[in-house]
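Structure file input.txt; described as compact mmCIF, C-alpha atoms.
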# COMPACT_ATOMS: atom_id res chain seq x y z
CA MET E 1 2.03 53.51 39.80
CA LYS E 2 1.34 49.84 40.55
CA GLN E 3 -1.71 49.87 38.25
CA SER E 4 0.32 51.43 35.40
CA PHE E 5 2.96 48.73 35.80
CA ILE E 6 0.35 45.95 35.62
CA THR E 7 -1.26 47.56 32.56
CA ALA E 8 2.12 47.85 30.84
CA LEU E 9 2.90 44.21 31.67
CA ALA E 10 -0.45 43.05 30.29
CA LEU E 11 0.09 45.10 27.11
CA ALA E 12 3.57 43.65 26.63
CA ALA E 13 2.21 40.14 27.08
CA ALA E 14 -0.57 40.80 24.57
CA LEU E 15 1.90 42.13 21.99
CA ALA E 16 4.26 39.23 22.50
CA ALA E 17 1.54 36.58 22.20
CA PRO E 18 1.01 36.65 18.40
CA ALA E 19 4.71 36.06 17.79
CA ALA E 20 4.62 32.84 19.81
CA PHE E 21 1.23 31.69 18.52
CA ALA E 22 1.50 28.57 16.45
CA GLU E 23 -0.38 28.31 13.19
CA THR E 24 -2.14 25.34 11.65
CA VAL E 25 -1.28 24.55 8.03
CA LYS E 26 -4.13 23.04 5.99
CA LEU E 27 -3.08 21.18 2.84
CA LYS E 28 -5.63 20.12 0.24
CA VAL E 29 -4.37 16.83 -1.23
CA ASP E 30 -5.93 15.43 -4.40
CA GLY E 31 -6.29 11.68 -4.76
CA MET E 32 -5.96 10.98 -1.04
CA VAL E 33 -8.64 8.29 -0.85
CA CYS E 34 -6.94 5.40 0.93
CA GLY E 35 -6.21 5.59 4.65
CA PHE E 36 -3.40 3.04 4.42
CA CYS E 37 -1.55 5.06 1.78
CA ALA E 38 -2.34 8.34 3.56
CA SER E 39 -0.73 7.02 6.76
CA SER E 40 2.62 7.68 5.11
CA ILE E 41 1.69 11.36 4.84
CA GLU E 42 0.96 11.46 8.55
CA LYS E 43 4.31 9.80 9.31
CA LYS E 44 6.20 12.26 7.11
CA MET E 45 4.44 15.24 8.66
CA ARG E 46 5.14 13.99 12.18
CA ALA E 47 8.81 13.55 11.32
CA ASN E 48 9.16 17.35 10.94
CA LYS E 49 10.77 18.91 14.01
CA ALA E 50 8.37 21.86 13.83
CA THR E 51 5.25 19.64 13.80
CA ALA E 52 3.15 19.58 16.96
CA ASP E 53 0.27 17.42 15.70
CA VAL E 54 -1.32 16.09 12.50
CA TYR E 55 -4.91 15.51 11.43
CA VAL E 56 -5.96 13.72 8.24
CA ASN E 57 -9.45 14.00 6.76
CA LEU E 58 -10.11 11.72 3.80
CA GLU E 59 -13.57 13.11 3.13
CA LYS E 60 -12.32 16.64 2.55
CA LYS E 61 -8.88 15.48 1.33
CA VAL E 62 -7.22 17.67 3.92
CA VAL E 63 -4.04 17.20 5.95
CA ALA E 64 -3.81 19.70 8.81
CA VAL E 65 -0.49 20.19 10.58
CA SER E 66 -0.01 22.34 13.64
CA GLU E 67 3.28 24.05 14.38
CA LYS E 68 5.14 23.89 17.64
CA ALA E 69 5.22 27.21 19.47
CA GLY E 70 7.95 29.42 18.09
CA GLN E 71 8.66 27.12 15.13
CA LYS E 72 7.68 27.39 11.49
CA LEU E 73 6.83 24.71 8.93
CA ASP E 74 8.02 25.47 5.43
CA ASP E 75 5.26 25.29 2.79
CA ALA E 76 7.60 24.14 0.01
CA ALA E 77 9.02 21.39 2.22
CA LEU E 78 5.53 20.19 3.13
CA LYS E 79 4.55 20.09 -0.56
CA ALA E 80 7.71 18.13 -1.39
CA GLN E 81 7.08 15.63 1.40
CA ILE E 82 3.54 15.00 0.19
CA ALA E 83 4.83 14.63 -3.38
CA ASP E 84 7.31 12.03 -2.09
CA ALA E 85 4.39 10.19 -0.53
CA GLY E 86 2.85 10.02 -4.01
CA TYR E 87 0.26 12.79 -3.88
CA GLU E 88 -0.27 16.32 -5.13
CA VAL E 89 -0.96 19.37 -3.00
CA LYS E 90 -3.63 21.52 -4.62
CA ALA E 91 -3.77 24.32 -2.06
CA ILE E 92 -2.16 25.46 1.18
CA GLU E 93 -3.91 27.59 3.75
CA ARG E 94 -2.55 28.90 7.05
CA VAL E 95 -5.03 29.54 9.80
CA ALA E 96 -4.59 30.99 13.27
CA THR E 97 -6.73 28.21 14.71
CA PRO E 98 -5.52 25.41 16.96
CA LEU E 99 -5.52 21.97 15.36
CA ALA E 100 -8.10 20.67 17.82
CA ASP E 101 -10.54 23.34 16.63
CA VAL E 102 -9.81 22.54 12.96
CA LYS E 103 -10.49 18.88 13.71
CA ASN E 104 -13.74 19.69 15.51
CA GLU E 105 -14.79 21.92 12.63
CA TYR E 106 -14.43 19.05 10.13
CA LYS E 107 -16.12 16.59 12.46
CA ALA E 108 -19.05 18.98 12.91
CA LYS E 109 -19.38 19.32 9.12
CA LYS E 110 -19.47 15.53 8.80
CA SER E 111 -22.25 15.08 11.32
CA MET U 1 20.70 -43.37 -16.11
CA LYS U 2 18.70 -41.71 -18.84
CA VAL U 3 15.50 -42.60 -17.00
CA LEU U 4 16.85 -41.03 -13.83
CA SER U 5 17.78 -37.87 -15.71
CA SER U 6 14.36 -37.67 -17.29
CA ARG U 7 12.72 -38.09 -13.88
CA ARG U 8 14.94 -35.42 -12.43
CA ILE U 9 14.10 -33.05 -15.27
CA LEU U 10 10.41 -33.78 -14.87
CA ARG U 11 10.61 -33.27 -11.10
CA SER U 12 12.55 -30.08 -11.59
CA ALA U 13 10.01 -28.83 -14.13
CA LYS U 14 7.20 -29.55 -11.63
CA VAL U 15 9.01 -27.64 -8.91
CA CYS U 16 9.62 -24.72 -11.24
CA ALA U 17 5.97 -24.78 -12.21
CA ALA U 18 4.98 -24.77 -8.54
CA ALA U 19 7.41 -21.97 -7.87
CA ALA U 20 6.09 -19.97 -10.78
CA SER U 21 2.55 -20.45 -9.50
CA ALA U 22 3.68 -19.28 -6.09
CA VAL U 23 5.26 -16.17 -7.58
CA LEU U 24 1.99 -15.38 -9.27
CA LEU U 25 0.08 -16.02 -6.05
CA VAL U 26 2.42 -13.78 -4.06
CA THR U 27 1.94 -10.94 -6.49
CA ASN U 28 -1.81 -11.34 -6.35
CA ALA U 29 -1.73 -11.02 -2.60
CA HIS U 30 0.26 -7.82 -2.91
CA ALA U 31 -1.71 -4.66 -2.32
CA GLY U 32 0.10 -2.81 -5.04
CA PHE U 33 3.20 -0.74 -5.47
CA PHE U 34 2.11 2.48 -3.83
CA ILE U 35 5.12 2.70 -1.54
CA PRO U 36 6.09 6.27 -0.63
CA LYS U 37 9.68 7.43 -0.91
CA GLY U 38 11.65 6.44 2.17
CA SER U 39 8.88 4.15 3.47
CA THR U 40 9.18 0.47 4.24
CA MET U 41 6.31 -1.96 3.93
CA ALA U 42 6.27 -5.47 5.35
CA MET U 43 3.83 -8.12 4.17
CA GLY U 44 3.11 -11.59 5.46
CA MET U 45 0.86 -13.96 3.52
CA TYR U 46 -0.40 -17.36 4.52
CA THR U 47 -2.17 -20.06 2.53
CA PRO U 48 -2.46 -23.74 3.53
CA SER U 49 0.29 -24.58 1.07
CA GLU U 50 2.50 -21.52 1.25
CA SER U 51 3.76 -18.78 3.51
CA THR U 52 5.46 -15.63 2.27
CA PHE U 53 7.25 -12.70 3.82
CA GLU U 54 7.99 -9.62 1.76
CA VAL U 55 9.69 -6.30 2.46
CA SER U 56 9.32 -3.36 0.08
CA TYR U 57 11.04 0.01 0.14
CA GLY U 58 10.22 3.22 -1.72
CA LEU U 59 13.44 4.42 -3.34
CA THR U 60 11.82 7.41 -5.00
CA ARG U 61 8.27 8.60 -5.56
CA ASP U 62 8.16 6.42 -8.70
CA THR U 63 10.42 3.47 -7.93
CA SER U 64 10.27 0.78 -5.27
CA ILE U 65 12.18 -2.40 -4.62
CA ALA U 66 11.03 -5.57 -2.90
CA ALA U 67 12.50 -8.81 -1.63
CA SER U 68 10.45 -11.81 -0.63
CA VAL U 69 10.88 -15.34 0.60
CA SER U 70 8.18 -17.98 0.12
CA ARG U 71 8.10 -21.44 1.58
CA MET U 72 5.89 -23.94 -0.19
CA SER U 73 5.05 -26.75 2.20
CA ASP U 74 3.72 -29.21 -0.42
CA GLU U 75 6.76 -29.05 -2.67
CA LYS U 76 9.19 -28.34 0.20
CA VAL U 77 10.91 -25.64 -1.76
CA THR U 78 11.89 -22.07 -0.95
CA LEU U 79 11.42 -19.27 -3.43
CA THR U 80 13.44 -16.08 -3.14
CA ARG U 81 12.35 -13.17 -5.28
CA LEU U 82 13.66 -9.68 -5.93
CA GLN U 83 11.60 -7.07 -7.69
CA ALA U 84 11.84 -3.49 -8.89
CA SER U 85 8.71 -1.60 -9.83
CA ARG U 86 8.33 1.69 -11.62
CA LEU U 87 5.35 4.01 -11.69
CA VAL U 88 4.72 4.87 -15.34
CA GLY U 89 1.54 6.87 -14.95
CA ARG U 90 -0.57 8.43 -12.21
CA VAL U 91 -3.78 10.40 -12.52
CA PHE U 92 -5.25 12.46 -9.71
CA HIS U 93 -8.88 13.32 -9.36
CA GLU U 94 -10.41 15.09 -6.40
CA ASP U 95 -11.91 11.83 -5.17
CA GLY U 96 -9.83 9.24 -6.95
CA ILE U 97 -6.39 8.12 -7.98
CA GLY U 98 -5.16 5.86 -10.77
CA ASN U 99 -1.76 4.22 -11.13
CA ALA U 100 0.09 2.21 -13.76
CA TYR U 101 3.23 0.27 -12.93
CA VAL U 102 5.70 -2.07 -14.58
CA PHE U 103 7.67 -4.52 -12.47
CA ALA U 104 10.33 -7.18 -12.98
CA GLY U 105 13.04 -9.09 -11.18
CA PRO U 106 14.96 -12.32 -10.74
CA LEU U 107 13.91 -15.31 -8.69
CA ALA U 108 15.62 -18.38 -7.27
CA VAL U 109 14.07 -21.70 -6.29
CA SER U 110 15.84 -24.04 -3.91
CA GLY U 111 15.07 -27.19 -1.93
CA ASN U 112 15.70 -30.91 -1.87
CA ALA U 113 13.54 -31.48 -4.93
CA THR U 114 15.29 -28.91 -7.09
CA ASN U 115 18.70 -30.56 -6.97
CA GLY U 116 20.38 -27.22 -6.37
CA THR U 117 19.17 -23.71 -6.96
CA ARG U 118 17.24 -22.84 -10.11
CA TYR U 119 16.97 -19.31 -11.40
CA GLY U 120 14.32 -17.46 -13.34
CA VAL U 121 12.79 -14.09 -14.04
CA HIS U 122 9.36 -12.58 -13.63
CA GLY U 123 7.70 -9.32 -14.58
CA GLY U 124 4.47 -7.66 -15.50
CA VAL U 125 2.24 -4.63 -15.69
CA TRP U 126 -0.34 -3.40 -13.20
CA ALA U 127 -3.00 -0.69 -13.41
CA ASP U 128 -5.43 0.33 -10.69
CA TYR U 129 -7.96 3.02 -9.90
CA GLU U 130 -9.64 3.72 -6.59
CA THR U 131 -11.94 6.10 -4.83
CA ARG U 132 -13.19 5.82 -1.26
CA ARG U 133 -16.05 3.71 -2.59
CA ILE U 134 -14.69 1.59 -5.45
CA TYR U 135 -11.46 -0.18 -6.30
CA GLY U 136 -10.49 -1.84 -9.55
CA ARG U 137 -7.32 -3.20 -11.04
CA VAL U 138 -6.03 -5.33 -13.86
CA SER U 139 -2.61 -6.89 -14.08
CA TRP U 140 -0.56 -9.21 -16.21
CA HIS U 141 2.28 -11.22 -14.73
CA GLY U 142 4.67 -13.59 -16.47
CA VAL U 143 7.22 -16.01 -15.00
CA LYS U 144 10.04 -17.94 -16.59
CA ALA U 145 11.87 -20.45 -14.39
CA SER U 146 14.20 -22.91 -16.14
CA ALA U 147 12.19 -24.29 -19.05
CA TYR U 148 8.88 -23.35 -17.49
CA ARG U 149 6.89 -20.34 -18.69
CA SER U 150 3.62 -19.13 -17.28
CA SER U 151 1.53 -16.00 -17.31
CA GLU U 152 -1.80 -14.85 -16.03
CA VAL U 153 -4.22 -11.97 -16.15
CA VAL U 154 -5.91 -10.84 -12.95
CA ALA U 155 -8.81 -8.44 -12.51
CA GLN U 156 -10.05 -7.24 -9.13
CA ALA U 157 -13.09 -5.18 -8.24
CA ALA U 158 -14.04 -4.11 -4.73
CA LEU U 159 -16.66 -1.98 -3.09
CA ALA U 160 -16.73 -0.24 0.28
CA PRO U 161 -20.12 -0.53 1.99
CA TYR U 162 -19.54 2.74 3.86
CA LEU U 163 -17.21 5.69 3.45
CA ALA U 164 -14.53 5.30 6.08
CA ASP U 165 -12.51 8.26 7.22
CA TYR U 166 -8.86 8.13 8.21
CA GLU U 167 -9.42 7.13 11.81
CA ASP U 168 -12.07 4.52 10.99
CA ILE U 169 -11.59 0.90 10.02
CA ALA U 170 -12.15 0.75 6.27
CA SER U 171 -14.00 -2.38 5.12
CA TRP U 172 -14.16 -3.65 1.57
CA GLY U 173 -15.66 -6.64 -0.18
CA GLY U 174 -14.58 -7.73 -3.62
CA VAL U 175 -13.98 -10.40 -6.20
CA GLN U 176 -10.92 -11.44 -8.10
CA LEU U 177 -10.91 -13.10 -11.51
CA LYS U 178 -7.75 -14.88 -12.56
CA ARG U 179 -6.99 -16.58 -15.83
CA LYS U 180 -3.75 -18.45 -16.39
CA ASN U 181 -2.46 -19.03 -19.90
CA GLY U 182 -3.62 -22.38 -21.17
CA ALA U 183 -6.26 -22.77 -18.48
CA THR U 184 -9.80 -23.68 -19.40
CA GLN U 185 -11.34 -22.10 -16.34
CA THR U 186 -11.26 -18.63 -14.85
CA GLU U 187 -10.69 -18.70 -11.11
CA LEU U 188 -13.08 -16.65 -9.00
CA THR U 189 -11.99 -15.53 -5.54
CA PRO U 190 -14.21 -13.43 -3.28
CA PHE U 191 -12.25 -11.51 -0.66
CA VAL U 192 -12.65 -9.07 2.19
CA ARG U 193 -10.27 -6.24 2.99
CA PHE U 194 -9.84 -4.18 6.14
CA PHE U 195 -7.41 -1.41 6.84
CA ARG U 196 -6.86 1.33 9.35
CA LYS U 197 -3.96 3.75 9.17
CA ASP U 198 -0.81 1.67 8.62
CA TRP U 199 -2.35 -1.82 8.96
CA TRP U 200 -3.98 -3.78 6.13
CA ILE U 201 -5.59 -7.24 6.06
CA ASP U 202 -6.91 -9.16 3.05
CA ALA U 203 -8.56 -12.58 3.23
CA GLY U 204 -10.22 -14.66 0.58
CA MET U 205 -10.82 -18.11 -0.82
CA SER U 206 -11.23 -19.42 -4.32
CA VAL U 207 -14.69 -20.79 -5.09
CA ASN U 208 -13.33 -23.17 -7.75
CA ARG U 209 -13.41 -26.74 -6.50
CA ALA U 210 -9.91 -27.49 -7.75
CA ASN U 211 -8.52 -24.51 -5.88
CA ARG U 212 -10.05 -24.94 -2.43
CA LYS U 213 -6.56 -24.66 -0.96
CA ASP U 214 -6.35 -21.12 -2.31
CA LEU U 215 -7.48 -19.64 0.97
CA PHE U 216 -5.25 -16.68 1.70
CA VAL U 217 -4.68 -14.20 4.49
CA ASN U 218 -2.50 -11.22 3.75
CA VAL U 219 -1.31 -8.77 6.42
CA MET U 220 0.64 -5.60 5.69
CA HIS U 221 2.19 -2.86 7.75
CA LEU U 222 3.62 0.43 6.55
CA PHE U 223 6.51 1.69 8.64

I need this file expressed as structure tokens, please.
Amino acid sequence: MKQSFITALALAAALAAPAAFAETVKLKVDGMVCGFCASSIEKKMRANKATADVYVNLEKKVVAVSEKAGQKLDDAALKAQIADAGYEVKAIERVATPLADVKNEYKAKKS
Amino acid sequence: MKVLSSRRILRSAKVCAAAASAVLLVTNAHAGFFIPKGSTMAMGMYTPSESTFEVSYGLTRDTSIAASVSRMSDEKVTLTRLQASRLVGRVFHEDGIGNAYVFAGPLAVSGNATNGTRYGVHGGVWADYETRRIYGRVSWHGVKASAYRSSEVVAQAALAPYLADYEDIASWGGVQLKRKNGATQTELTPFVRFFRKDWWIDAGMSVNRANRKDLFVNVMHLF
């Protein structure tokens, strides 16, 4: 009886986990060559209430934004914010990978 | 009395000329007009003969406004300048971006030597292109203050010795060529540029003997 209860609890926790898991949004931004100008993108991304963290990679022209647990970043709003910063978003990809791993992935590619 | 008036006019013309030169210098020290919507940029520039403080704000993606105050120590005059700039063209490449702007605004010159405040206008066009490795721009800027008119063409080229990423300090070395209307000589100014995230520093000095005082340091911060 006790074992069944623990199994059921573990199953419930496993099912509930994906709903709370925060995604990382990767935005491919053309023309993002200057770190000074790109700093405005970082500021705009950080100003979103749903943003947990931001990573900018000039080499790959990627801005990666992680969501806070239980919150969702709107793709259209992100595109509009980057347009306001003066750039164009060429592609958006959502990955179920923590931002730290995305960052390490790009750093590994560089080295 | 007539002599006094003539002297005053001459003095005033000199001050306006100095002010116009300062306006041109200020614009040269400017990094450009790439100011994102809703962002504020502050710039401080120092030369042995002038110090300037400028604040710019991005009204829209394409339009920014700026206000600056310059104090010229030699002429003991203060120059106040307003400016609106408009992006008229932007091209995106995967590893590059090009911009074309027009800009214009009023200016006021005041101080003991000006016998009151004098007003004028300035404006110009600016085009630049940059990648992570190269930077180039050309600009034309004209100033009219009282009876004084001046204009100049500036070209800048810069090269980054290494490809800096966002978290690195980006270093650039470059040269600026400047030709004022009516001048017999083109001024050559080597400069260095460093930036990291929201901080930017430019420093350079003219190599022309007559312009040794044209050392400049330009610091910017994007809020």

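For the pair CA of Lys44 in chain E and CA of Tyr162 in chain U, the separation is 27.6 Å.
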
#### Entry: Interface residues on chain U facing chain E, 9 Å, all atoms listed in the file, written as a PyMOL selection string
chain U and resi 34-39+60-62+91-98+130-133+163-170+195-200+221-223

Around all listed atoms of range 22-26 of chain E, padded 3 Å per side, what centre and edge lengths does the axis-aligned box have in Å to one decimal, as lines of an AutoDock Vina configuration file?
center_x = -1.3
center_y = 25.8
center_z = 11.2
size_x = 11.6
size_y = 11.5
size_z = 16.5

### Task
Give me, please, the distance in Å between CA of Val88 in chain U and CA of Phe103 in chain U, quoted to one decimal.
10.3 Å

#### Entry: Nearest to Asn112 in chain U by atom-to-atom distance, counting all atoms listed in the file, from U:Tyr57, U:Ala203, U:Lys76, U:Ser51
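Using all atoms listed in the file, the shortest distance to Asn112 in chain U belongs to U:Lys76.
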
Some atoms are missing, so please complete range 168-189 of chain U with N, CA, C and O atoms and return it as a PDB file, keeping the file's coordinate frame.
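In the end it all went to selection.pdb:
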ATOM      1  N   ASP U 168     -11.157   5.671  10.950  1.00  0.00           N
ATOM      2  CA  ASP U 168     -12.070   4.520  10.990  1.00  0.00           C
ATOM      3  C   ASP U 168     -11.397   3.274  10.431  1.00  0.00           C
ATOM      4  O   ASP U 168     -10.389   3.355   9.732  1.00  0.00           O
ATOM      5  N   ILE U 169     -12.017   2.126  10.697  1.00  0.00           N
ATOM      6  CA  ILE U 169     -11.590   0.900  10.020  1.00  0.00           C
ATOM      7  C   ILE U 169     -12.313   0.860   8.680  1.00  0.00           C
ATOM      8  O   ILE U 169     -13.546   0.900   8.632  1.00  0.00           O
ATOM      9  N   ALA U 170     -11.549   0.828   7.600  1.00  0.00           N
ATOM     10  CA  ALA U 170     -12.150   0.750   6.270  1.00  0.00           C
ATOM     11  C   ALA U 170     -12.424  -0.714   5.941  1.00  0.00           C
ATOM     12  O   ALA U 170     -11.566  -1.568   6.148  1.00  0.00           O
ATOM     13  N   SER U 171     -13.624  -1.007   5.459  1.00  0.00           N
ATOM     14  CA  SER U 171     -14.000  -2.380   5.120  1.00  0.00           C
ATOM     15  C   SER U 171     -14.354  -2.446   3.636  1.00  0.00           C
ATOM     16  O   SER U 171     -15.068  -1.568   3.142  1.00  0.00           O
ATOM     17  N   TRP U 172     -13.886  -3.473   2.987  1.00  0.00           N
ATOM     18  CA  TRP U 172     -14.160  -3.650   1.570  1.00  0.00           C
ATOM     19  C   TRP U 172     -14.553  -5.109   1.304  1.00  0.00           C
ATOM     20  O   TRP U 172     -14.082  -6.013   1.980  1.00  0.00           O
ATOM     21  N   GLY U 173     -15.363  -5.302   0.300  1.00  0.00           N
ATOM     22  CA  GLY U 173     -15.660  -6.640  -0.180  1.00  0.00           C
ATOM     23  C   GLY U 173     -15.430  -6.654  -1.680  1.00  0.00           C
ATOM     24  O   GLY U 173     -15.759  -5.671  -2.360  1.00  0.00           O
ATOM     25  N   GLY U 174     -14.867  -7.737  -2.186  1.00  0.00           N
ATOM     26  CA  GLY U 174     -14.580  -7.730  -3.620  1.00  0.00           C
ATOM     27  C   GLY U 174     -14.451  -9.114  -4.209  1.00  0.00           C
ATOM     28  O   GLY U 174     -14.570 -10.125  -3.503  1.00  0.00           O
ATOM     29  N   VAL U 175     -14.220  -9.140  -5.501  1.00  0.00           N
ATOM     30  CA  VAL U 175     -13.980 -10.400  -6.200  1.00  0.00           C
ATOM     31  C   VAL U 175     -12.743 -10.271  -7.074  1.00  0.00           C
ATOM     32  O   VAL U 175     -12.438  -9.193  -7.573  1.00  0.00           O
ATOM     33  N   GLN U 176     -12.078 -11.395  -7.213  1.00  0.00           N
ATOM     34  CA  GLN U 176     -10.920 -11.440  -8.100  1.00  0.00           C
ATOM     35  C   GLN U 176     -11.139 -12.502  -9.169  1.00  0.00           C
ATOM     36  O   GLN U 176     -11.574 -13.611  -8.868  1.00  0.00           O
ATOM     37  N   LEU U 177     -10.860 -12.147 -10.407  1.00  0.00           N
ATOM     38  CA  LEU U 177     -10.910 -13.100 -11.510  1.00  0.00           C
ATOM     39  C   LEU U 177      -9.489 -13.315 -11.996  1.00  0.00           C
ATOM     40  O   LEU U 177      -8.761 -12.343 -12.221  1.00  0.00           O
ATOM     41  N   LYS U 178      -9.117 -14.587 -12.127  1.00  0.00           N
ATOM     42  CA  LYS U 178      -7.750 -14.880 -12.560  1.00  0.00           C
ATOM     43  C   LYS U 178      -7.784 -15.927 -13.667  1.00  0.00           C
ATOM     44  O   LYS U 178      -8.451 -16.949 -13.545  1.00  0.00           O
ATOM     45  N   ARG U 179      -7.054 -15.643 -14.722  1.00  0.00           N
ATOM     46  CA  ARG U 179      -6.990 -16.580 -15.830  1.00  0.00           C
ATOM     47  C   ARG U 179      -5.540 -16.842 -16.192  1.00  0.00           C
ATOM     48  O   ARG U 179      -4.814 -15.927 -16.580  1.00  0.00           O
ATOM     49  N   LYS U 180      -5.123 -18.089 -16.026  1.00  0.00           N
ATOM     50  CA  LYS U 180      -3.750 -18.450 -16.390  1.00  0.00           C
ATOM     51  C   LYS U 180      -3.711 -18.830 -17.857  1.00  0.00           C
ATOM     52  O   LYS U 180      -4.705 -19.335 -18.392  1.00  0.00           O
ATOM     53  N   ASN U 181      -2.547 -18.650 -18.486  1.00  0.00           N
ATOM     54  CA  ASN U 181      -2.460 -19.030 -19.900  1.00  0.00           C
ATOM     55  C   ASN U 181      -2.604 -20.551 -20.021  1.00  0.00           C
ATOM     56  O   ASN U 181      -2.068 -21.313 -19.223  1.00  0.00           O
ATOM     57  N   GLY U 182      -3.392 -20.960 -20.963  1.00  0.00           N
ATOM     58  CA  GLY U 182      -3.620 -22.380 -21.170  1.00  0.00           C
ATOM     59  C   GLY U 182      -4.715 -22.980 -20.320  1.00  0.00           C
ATOM     60  O   GLY U 182      -5.110 -24.122 -20.518  1.00  0.00           O
ATOM     61  N   ALA U 183      -5.215 -22.227 -19.349  1.00  0.00           N
ATOM     62  CA  ALA U 183      -6.260 -22.770 -18.480  1.00  0.00           C
ATOM     63  C   ALA U 183      -7.620 -22.711 -19.165  1.00  0.00           C
ATOM     64  O   ALA U 183      -7.855 -21.860 -20.017  1.00  0.00           O
ATOM     65  N   THR U 184      -8.472 -23.660 -18.802  1.00  0.00           N
ATOM     66  CA  THR U 184      -9.800 -23.680 -19.400  1.00  0.00           C
ATOM     67  C   THR U 184     -10.814 -22.956 -18.516  1.00  0.00           C
ATOM     68  O   THR U 184     -11.934 -22.705 -18.921  1.00  0.00           O
ATOM     69  N   GLN U 185     -10.415 -22.686 -17.306  1.00  0.00           N
ATOM     70  CA  GLN U 185     -11.340 -22.100 -16.340  1.00  0.00           C
ATOM     71  C   GLN U 185     -10.772 -20.798 -15.761  1.00  0.00           C
ATOM     72  O   GLN U 185      -9.572 -20.684 -15.533  1.00  0.00           O
ATOM     73  N   THR U 186     -11.662 -19.855 -15.523  1.00  0.00           N
ATOM     74  CA  THR U 186     -11.260 -18.630 -14.850  1.00  0.00           C
ATOM     75  C   THR U 186     -11.549 -18.780 -13.366  1.00  0.00           C
ATOM     76  O   THR U 186     -12.656 -19.143 -12.982  1.00  0.00           O
ATOM     77  N   GLU U 187     -10.548 -18.513 -12.559  1.00  0.00           N
ATOM     78  CA  GLU U 187     -10.690 -18.700 -11.110  1.00  0.00           C
ATOM     79  C   GLU U 187     -11.365 -17.476 -10.485  1.00  0.00           C
ATOM     80  O   GLU U 187     -10.965 -16.344 -10.743  1.00  0.00           O
ATOM     81  N   LEU U 188     -12.337 -17.726  -9.658  1.00  0.00           N
ATOM     82  CA  LEU U 188     -13.080 -16.650  -9.000  1.00  0.00           C
ATOM     83  C   LEU U 188     -12.796 -16.684  -7.503  1.00  0.00           C
ATOM     84  O   LEU U 188     -12.996 -17.709  -6.856  1.00  0.00           O
ATOM     85  N   THR U 189     -12.330 -15.581  -6.968  1.00  0.00           N
ATOM     86  CA  THR U 189     -11.990 -15.530  -5.540  1.00  0.00           C
ATOM     87  C   THR U 189     -12.634 -14.324  -4.861  1.00  0.00           C
ATOM     88  O   THR U 189     -12.186 -13.197  -5.053  1.00  0.00           O
TER      89      THR U 189
END
